[in-house]
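Worksheet for the structure shown next.
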Amino acid sequence: MDVHLIDGTFELFRFYYSPRTDDAPPAGMAAVRGVLGTVLGMLEGGATHVGVATDHVIESFRNELWAGYKTGEGIDPELWAQFWPLEDALQAMGVVVWAMTEFEADDALAAAARTAAADTRVDRVYICTPDKDLGQCVEGRVVQLDRRTGEVRDAGGVEAKFGVPPASIPDWLALVGDSSDGFPGLPGWGAKSAAAVLARYRHIEAIPQRAAEWDVPVRGAARLAATLADGREQAMLFRTLATLRADALPAFDVETLRWRGPTALFEDVARALGAPELAQRAARLAASGPAPSS
């Protein structure tokens with residue numbers, strides 16, 4: 001079996017900011033309809049075991065570690081109003097939802113991927129998001145799937161894109177920074193310099209203190225080494241922020257992710273969203289069974 005793990009918050013943002021393709025009422029729930037439609041499309045395409053992680057709130061334990069970490073401030077109220085209805089609608093459609101509060105959706109995806117990969121019944125685990133943070137989870141049967149482009153990224157693909165293996169992604173983010181999550185990295189460290197150094201040393205604590213001890217050619221090595229020496233403690237904090245928590249979910253049986261059809265509530269939910277066709281599609285699929293996986 002294959003397992004598909006979806007970042008529901010990412011999908012909600014994606015549909016909210018995509019050009020409108022429908023004008024069905026209520027307009028404010030267009031992004032929810034979009035996410036339901038795309039998840040249902042995956043099931044119609046052959047996905048059988050599906051889990052969706054969402055940010056029930058934006059803040060997490062990381063906000064206590066770094067004051068500048070991302071918050072819900074600035075989120076369009078119309079988009080924010082769709083967070084919880086999405087969770088309810090997915091559950092009504094019969095999909096497993098992990099609504100995160102202390103942790104983030106990305107943490108749930110990391111935890112679910114680890115659980116699924118440890119199950120000998122699982123052939124492949126698809127983490128369905130292009131988010132660079134999730135690259136750290138790619139190994140063995142766990143891959144990343146960018147559903148917008150169809151690209152499937154294994155460990156070699158992660159290294160080809162970022163210049164470092166999956167296990168070094170948190171270190172790379174710590175040095176380079178991640179503006180979407182709200183931490184800046186270290187001054188002067190860019191994607192290429194961080195990749196060059198970490199490709200050799202893998203982790204921040206293994207990078208020699210003095211540039212003269214580096215055995216990898218990097219432009220501005222002396223300046224970079226001095227910056228790291230001064231900011232090593234902060235870099236380690238940023239790595240903690242970038243490291244996904246594989247303990248974010250309690251243990252579960254992968255078979256609980258199998259989609260068995262919509263609940264009795266879904267018809268009313270779809271009608272309230274102005275998309276009764278979603279309930280019709282779900283009912284037809286449940287009656288016929290999903291298409292064979294490719």
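Labeling convention for the structure tokens: chains A, B, ... as they appear, residues from 1 per chain, ligands from 1 in order of appearance.
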(request) List the neighbours of segment 96-110 of chain A out to 6 Å using only C-alpha atoms; skip same-chain residues closer than 3 positions along the sequence, and give me the result as a list in words. (result) Gly51, Val52, Ala53, Thr54, Asp55, His56, Val57, Ser60, Phe61, Ala113, Leu244, Arg245, Ala246 and Ala248 of chain A
(request) Extract the full set of strand (DSSP E) residues from segment 4-180 of chain A according to DSSP on the backbone, and format it as a ChimeraX atom specification. (result) /A:4-7,49-55,96-100,124-128,142-146,151-153
Take the residues that were just selected and, keeping C-alpha atoms, output them as a PDB file, in the first residue's frame.
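New file again_4.pdb:
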```
ATOM      1  CA  HIS A   4      -0.416   9.943   1.123  1.00  0.00           C
ATOM      2  CA  LEU A   5       0.150  12.627   3.761  1.00  0.00           C
ATOM      3  CA  ILE A   6      -1.204  16.067   2.926  1.00  0.00           C
ATOM      4  CA  ASP A   7      -0.432  19.506   4.353  1.00  0.00           C
ATOM      5  CA  HIS A  49      -4.593   5.624   2.783  1.00  0.00           C
ATOM      6  CA  VAL A  50      -4.735   9.373   3.353  1.00  0.00           C
ATOM      7  CA  GLY A  51      -4.053  11.666   6.290  1.00  0.00           C
ATOM      8  CA  VAL A  52      -4.313  15.465   6.346  1.00  0.00           C
ATOM      9  CA  ALA A  53      -2.428  17.636   8.835  1.00  0.00           C
ATOM     10  CA  THR A  54      -3.654  21.143   9.614  1.00  0.00           C
ATOM     11  CA  ASP A  55      -2.598  24.050  11.774  1.00  0.00           C
ATOM     12  CA  VAL A  96      -8.311  11.383   8.906  1.00  0.00           C
ATOM     13  CA  VAL A  97      -7.350  14.878  10.084  1.00  0.00           C
ATOM     14  CA  TRP A  98      -4.602  15.827  12.525  1.00  0.00           C
ATOM     15  CA  ALA A  99      -5.480  19.323  13.793  1.00  0.00           C
ATOM     16  CA  MET A 100      -2.352  20.620  15.507  1.00  0.00           C
ATOM     17  CA  ARG A 124       5.847   4.173  -0.282  1.00  0.00           C
ATOM     18  CA  VAL A 125       4.992   7.218   1.791  1.00  0.00           C
ATOM     19  CA  TYR A 126       4.216  10.385  -0.151  1.00  0.00           C
ATOM     20  CA  ILE A 127       4.513  13.662   1.768  1.00  0.00           C
ATOM     21  CA  CYS A 128       2.381  15.870  -0.442  1.00  0.00           C
ATOM     22  CA  VAL A 142       9.497   8.282   2.235  1.00  0.00           C
ATOM     23  CA  VAL A 143       9.438  10.755  -0.652  1.00  0.00           C
ATOM     24  CA  GLN A 144       8.134  14.252  -1.235  1.00  0.00           C
ATOM     25  CA  LEU A 145       5.488  14.874  -3.873  1.00  0.00           C
ATOM     26  CA  ASP A 146       4.893  18.307  -5.356  1.00  0.00           C
ATOM     27  CA  GLU A 151       7.737  15.966  -9.127  1.00  0.00           C
ATOM     28  CA  VAL A 152       8.586  13.133  -6.758  1.00  0.00           C
ATOM     29  CA  ARG A 153      11.685  13.904  -4.706  1.00  0.00           C
TER      30      ARG A 153
END
```
(message) My list of candidates is A:Thr71, A:Gln82, A:Thr256, A:Ser193. Which is closest to Ala112 of chain A when distances are computed with only C-alpha atoms?
(response)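 Result for the nearest residue to Ala112 of chain A: A:Thr256.
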(request) Rank nothing, just name the residue among A:Trp80, A:Phe238, A:Trp214, A:Trp259 nearest to Ile169 of chain A, using only C-alpha atoms. (result) A:Phe238
(request) Could you give me, as a ChimeraX atom specification, the residues within 12 Å of Gln234 of chain A, counting only C-alpha atoms and dropping anything in the same chain fewer than 2 positions from it? (result) /A:65-66,171,174-175,177,183-187,204,227-232,236-241
(request) Excluding Gly289 of chain A and any residue of its chain fewer than 4 positions from it, enumerate the residues within 12 Å of it, using only C-alpha atoms, and give them as JSON, numbers by chain. (result) {"A": [43, 44, 45, 46, 47, 48, 258, 259, 260, 261, 281, 282, 283, 284, 285, 293]}
Filtering to N, CA and C atoms, could you give me those residues as a PDB file, in the first residue's frame?
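Output contents, as saved in again_38.pdb:
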```
ATOM      1  N   LEU A  43      -8.193  10.525  -4.130  1.00  0.00           N
ATOM      2  CA  LEU A  43      -8.860   9.251  -3.851  1.00  0.00           C
ATOM      3  C   LEU A  43      -9.403   8.642  -5.144  1.00  0.00           C
ATOM      4  N   GLU A  44      -9.959   9.469  -5.995  1.00  0.00           N
ATOM      5  CA  GLU A  44     -10.451   8.982  -7.285  1.00  0.00           C
ATOM      6  C   GLU A  44      -9.305   8.467  -8.140  1.00  0.00           C
ATOM      7  N   GLY A  45      -8.123   9.041  -7.951  1.00  0.00           N
ATOM      8  CA  GLY A  45      -6.956   8.634  -8.724  1.00  0.00           C
ATOM      9  C   GLY A  45      -6.258   7.391  -8.198  1.00  0.00           C
ATOM     10  N   GLY A  46      -6.717   6.854  -7.065  1.00  0.00           N
ATOM     11  CA  GLY A  46      -6.152   5.607  -6.578  1.00  0.00           C
ATOM     12  C   GLY A  46      -5.556   5.649  -5.195  1.00  0.00           C
ATOM     13  N   ALA A  47      -5.462   6.844  -4.582  1.00  0.00           N
ATOM     14  CA  ALA A  47      -4.967   6.903  -3.202  1.00  0.00           C
ATOM     15  C   ALA A  47      -5.950   6.163  -2.297  1.00  0.00           C
ATOM     16  N   THR A  48      -5.424   5.384  -1.375  1.00  0.00           N
ATOM     17  CA  THR A  48      -6.286   4.590  -0.487  1.00  0.00           C
ATOM     18  C   THR A  48      -6.121   4.983   0.974  1.00  0.00           C
ATOM     19  N   ARG A 258      -7.039   4.320   5.943  1.00  0.00           N
ATOM     20  CA  ARG A 258      -7.774   3.867   4.751  1.00  0.00           C
ATOM     21  C   ARG A 258      -9.102   4.622   4.645  1.00  0.00           C
ATOM     22  N   TRP A 259      -9.353   5.199   3.455  1.00  0.00           N
ATOM     23  CA  TRP A 259     -10.615   5.902   3.240  1.00  0.00           C
ATOM     24  C   TRP A 259     -11.714   4.891   2.975  1.00  0.00           C
ATOM     25  N   ARG A 260     -12.769   4.966   3.732  1.00  0.00           N
ATOM     26  CA  ARG A 260     -13.867   4.003   3.619  1.00  0.00           C
ATOM     27  C   ARG A 260     -15.170   4.665   3.187  1.00  0.00           C
ATOM     28  N   GLY A 261     -15.074   5.895   2.744  1.00  0.00           N
ATOM     29  CA  GLY A 261     -16.260   6.591   2.269  1.00  0.00           C
ATOM     30  C   GLY A 261     -16.637   7.743   3.175  1.00  0.00           C
ATOM     31  N   ARG A 281     -19.782  12.898  -5.819  1.00  0.00           N
ATOM     32  CA  ARG A 281     -18.536  12.222  -6.212  1.00  0.00           C
ATOM     33  C   ARG A 281     -18.074  11.249  -5.143  1.00  0.00           C
ATOM     34  N   ALA A 282     -18.120  11.694  -3.880  1.00  0.00           N
ATOM     35  CA  ALA A 282     -17.675  10.832  -2.783  1.00  0.00           C
ATOM     36  C   ALA A 282     -18.545   9.591  -2.675  1.00  0.00           C
ATOM     37  N   ALA A 283     -19.840   9.766  -2.847  1.00  0.00           N
ATOM     38  CA  ALA A 283     -20.755   8.625  -2.759  1.00  0.00           C
ATOM     39  C   ALA A 283     -20.502   7.637  -3.891  1.00  0.00           C
ATOM     40  N   ARG A 284     -20.299   8.150  -5.113  1.00  0.00           N
ATOM     41  CA  ARG A 284     -20.014   7.259  -6.245  1.00  0.00           C
ATOM     42  C   ARG A 284     -18.727   6.485  -6.022  1.00  0.00           C
ATOM     43  N   LEU A 285     -17.697   7.198  -5.522  1.00  0.00           N
ATOM     44  CA  LEU A 285     -16.409   6.534  -5.295  1.00  0.00           C
ATOM     45  C   LEU A 285     -16.514   5.469  -4.216  1.00  0.00           C
ATOM     46  N   SER A 293      -4.207   1.836  -7.902  1.00  0.00           N
ATOM     47  CA  SER A 293      -3.053   2.731  -7.819  1.00  0.00           C
ATOM     48  C   SER A 293      -2.145   2.498  -9.005  1.00  0.00           C
TER      49      SER A 293
END
```
(request) Apply DSSP to the backbone of this structure and, from segment 54-239 of chain A, keep only the residues in alpha helix (DSSP H); write these as a PyMOL selection string. (result) chain A and resi 62-65+77-80+83-92+105-117+155-162+169-176+191-201+221-239
Who sits within 12 Å of Ala212 of chain A, only C-alpha atoms, same chain under 2 positions skipped, as a compact mmCIF listing (two decimals) with all heavy atoms, in the first residue's frame:
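Below is the file that was written, selection29.txt:
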```txt
# COMPACT_ATOMS: atom_id res chain seq x y z
N ILE A 207 31.31 21.71 12.07
CA ILE A 207 32.06 22.70 11.28
C ILE A 207 33.19 23.27 12.15
O ILE A 207 32.93 23.78 13.24
CB ILE A 207 31.13 23.85 10.83
CG1 ILE A 207 29.97 23.30 9.99
CG2 ILE A 207 31.92 24.89 10.04
CD1 ILE A 207 28.93 24.35 9.64
N PRO A 208 34.43 23.17 11.71
CA PRO A 208 35.54 23.70 12.51
C PRO A 208 35.37 25.19 12.81
O PRO A 208 34.80 25.94 12.01
CB PRO A 208 36.76 23.45 11.61
CG PRO A 208 36.37 22.29 10.74
CD PRO A 208 34.91 22.49 10.48
N GLN A 209 35.89 25.60 13.95
CA GLN A 209 35.74 26.99 14.38
C GLN A 209 36.48 27.95 13.45
O GLN A 209 35.99 29.03 13.15
CB GLN A 209 36.29 27.14 15.81
CG GLN A 209 35.45 26.46 16.88
CD GLN A 209 34.32 27.34 17.38
OE1 GLN A 209 34.16 28.46 16.91
NE2 GLN A 209 33.53 26.84 18.31
N ARG A 210 37.65 27.56 12.99
CA ARG A 210 38.50 28.46 12.20
C ARG A 210 38.43 28.08 10.73
O ARG A 210 38.50 26.90 10.37
CB ARG A 210 39.94 28.40 12.70
CG ARG A 210 40.09 28.84 14.16
CD ARG A 210 41.49 28.59 14.69
NE ARG A 210 42.51 29.28 13.90
CZ ARG A 210 43.41 28.65 13.15
NH1 ARG A 210 43.41 27.32 13.08
NH2 ARG A 210 44.30 29.34 12.46
N TRP A 214 39.00 24.52 7.59
CA TRP A 214 38.04 23.99 6.63
C TRP A 214 38.78 23.36 5.46
O TRP A 214 39.76 23.94 4.94
CB TRP A 214 37.14 25.11 6.09
CG TRP A 214 36.20 25.70 7.11
CD1 TRP A 214 36.16 25.45 8.45
CD2 TRP A 214 35.18 26.67 6.86
NE1 TRP A 214 35.16 26.18 9.05
CE2 TRP A 214 34.54 26.94 8.11
CE3 TRP A 214 34.73 27.33 5.72
CZ2 TRP A 214 33.49 27.85 8.22
CZ3 TRP A 214 33.68 28.22 5.83
CH2 TRP A 214 33.07 28.48 7.08
N ASP A 215 38.33 22.21 5.02
CA ASP A 215 38.95 21.59 3.86
C ASP A 215 37.98 21.57 2.68
O ASP A 215 37.98 20.66 1.86
CB ASP A 215 39.45 20.18 4.16
CG ASP A 215 38.36 19.26 4.70
OD1 ASP A 215 37.19 19.68 4.74
OD2 ASP A 215 38.68 18.12 5.07
N VAL A 216 37.19 22.63 2.61
CA VAL A 216 36.28 22.83 1.49
C VAL A 216 36.39 24.29 1.07
O VAL A 216 36.36 25.19 1.91
CB VAL A 216 34.82 22.47 1.87
CG1 VAL A 216 34.36 23.26 3.09
CG2 VAL A 216 33.89 22.69 0.71
N PRO A 217 36.59 24.56 -0.22
CA PRO A 217 36.75 25.95 -0.67
C PRO A 217 35.42 26.68 -0.69
O PRO A 217 34.47 26.25 -1.36
CB PRO A 217 37.33 25.79 -2.09
CG PRO A 217 36.83 24.45 -2.55
CD PRO A 217 36.77 23.59 -1.32
N VAL A 218 35.35 27.77 0.05
CA VAL A 218 34.13 28.58 0.09
C VAL A 218 34.54 30.04 0.05
O VAL A 218 35.43 30.47 0.81
CB VAL A 218 33.31 28.31 1.38
CG1 VAL A 218 32.06 29.17 1.39
CG2 VAL A 218 32.95 26.85 1.50
N GLY A 220 34.73 33.74 0.93
CA GLY A 220 34.48 34.47 2.17
C GLY A 220 34.49 33.58 3.39
O GLY A 220 33.80 33.86 4.38
N ALA A 221 35.30 32.52 3.35
CA ALA A 221 35.30 31.53 4.44
C ALA A 221 35.63 32.16 5.78
O ALA A 221 35.01 31.82 6.80
CB ALA A 221 36.27 30.40 4.11
N ALA A 222 36.60 33.04 5.82
CA ALA A 222 37.01 33.64 7.09
C ALA A 222 35.85 34.41 7.73
O ALA A 222 35.60 34.30 8.94
CB ALA A 222 38.21 34.55 6.87
N ARG A 223 35.15 35.18 6.90
CA ARG A 223 34.01 35.95 7.41
C ARG A 223 32.90 35.02 7.88
O ARG A 223 32.29 35.24 8.93
CB ARG A 223 33.51 36.88 6.31
CG ARG A 223 32.25 37.65 6.66
CD ARG A 223 31.86 38.62 5.54
NE ARG A 223 31.87 37.98 4.25
CZ ARG A 223 30.86 37.24 3.75
NH1 ARG A 223 29.77 37.06 4.50
NH2 ARG A 223 30.94 36.71 2.56
N LEU A 224 32.62 33.98 7.12
CA LEU A 224 31.57 33.04 7.49
C LEU A 224 31.90 32.31 8.79
O LEU A 224 31.05 32.13 9.65
CB LEU A 224 31.36 32.02 6.36
CG LEU A 224 30.79 32.57 5.05
CD1 LEU A 224 30.79 31.48 3.98
CD2 LEU A 224 29.39 33.13 5.26
N ALA A 225 33.16 31.91 8.91
CA ALA A 225 33.59 31.20 10.13
C ALA A 225 33.46 32.11 11.35
O ALA A 225 33.03 31.67 12.42
CB ALA A 225 35.02 30.70 9.97
N ALA A 226 33.84 33.38 11.19
CA ALA A 226 33.75 34.32 12.31
C ALA A 226 32.29 34.55 12.69
O ALA A 226 31.95 34.61 13.89
CB ALA A 226 34.42 35.63 11.92
```
(message) When you look at Pro166 of chain A with a cut-off of 10 Å (counting only C-alpha atoms), what residues show up, excluding the ones that are within fewer than 5 positions of it in the same chain? I need them as a PyMOL selection string.
(response) chain A and resi 132-139+154-159+171-172+202
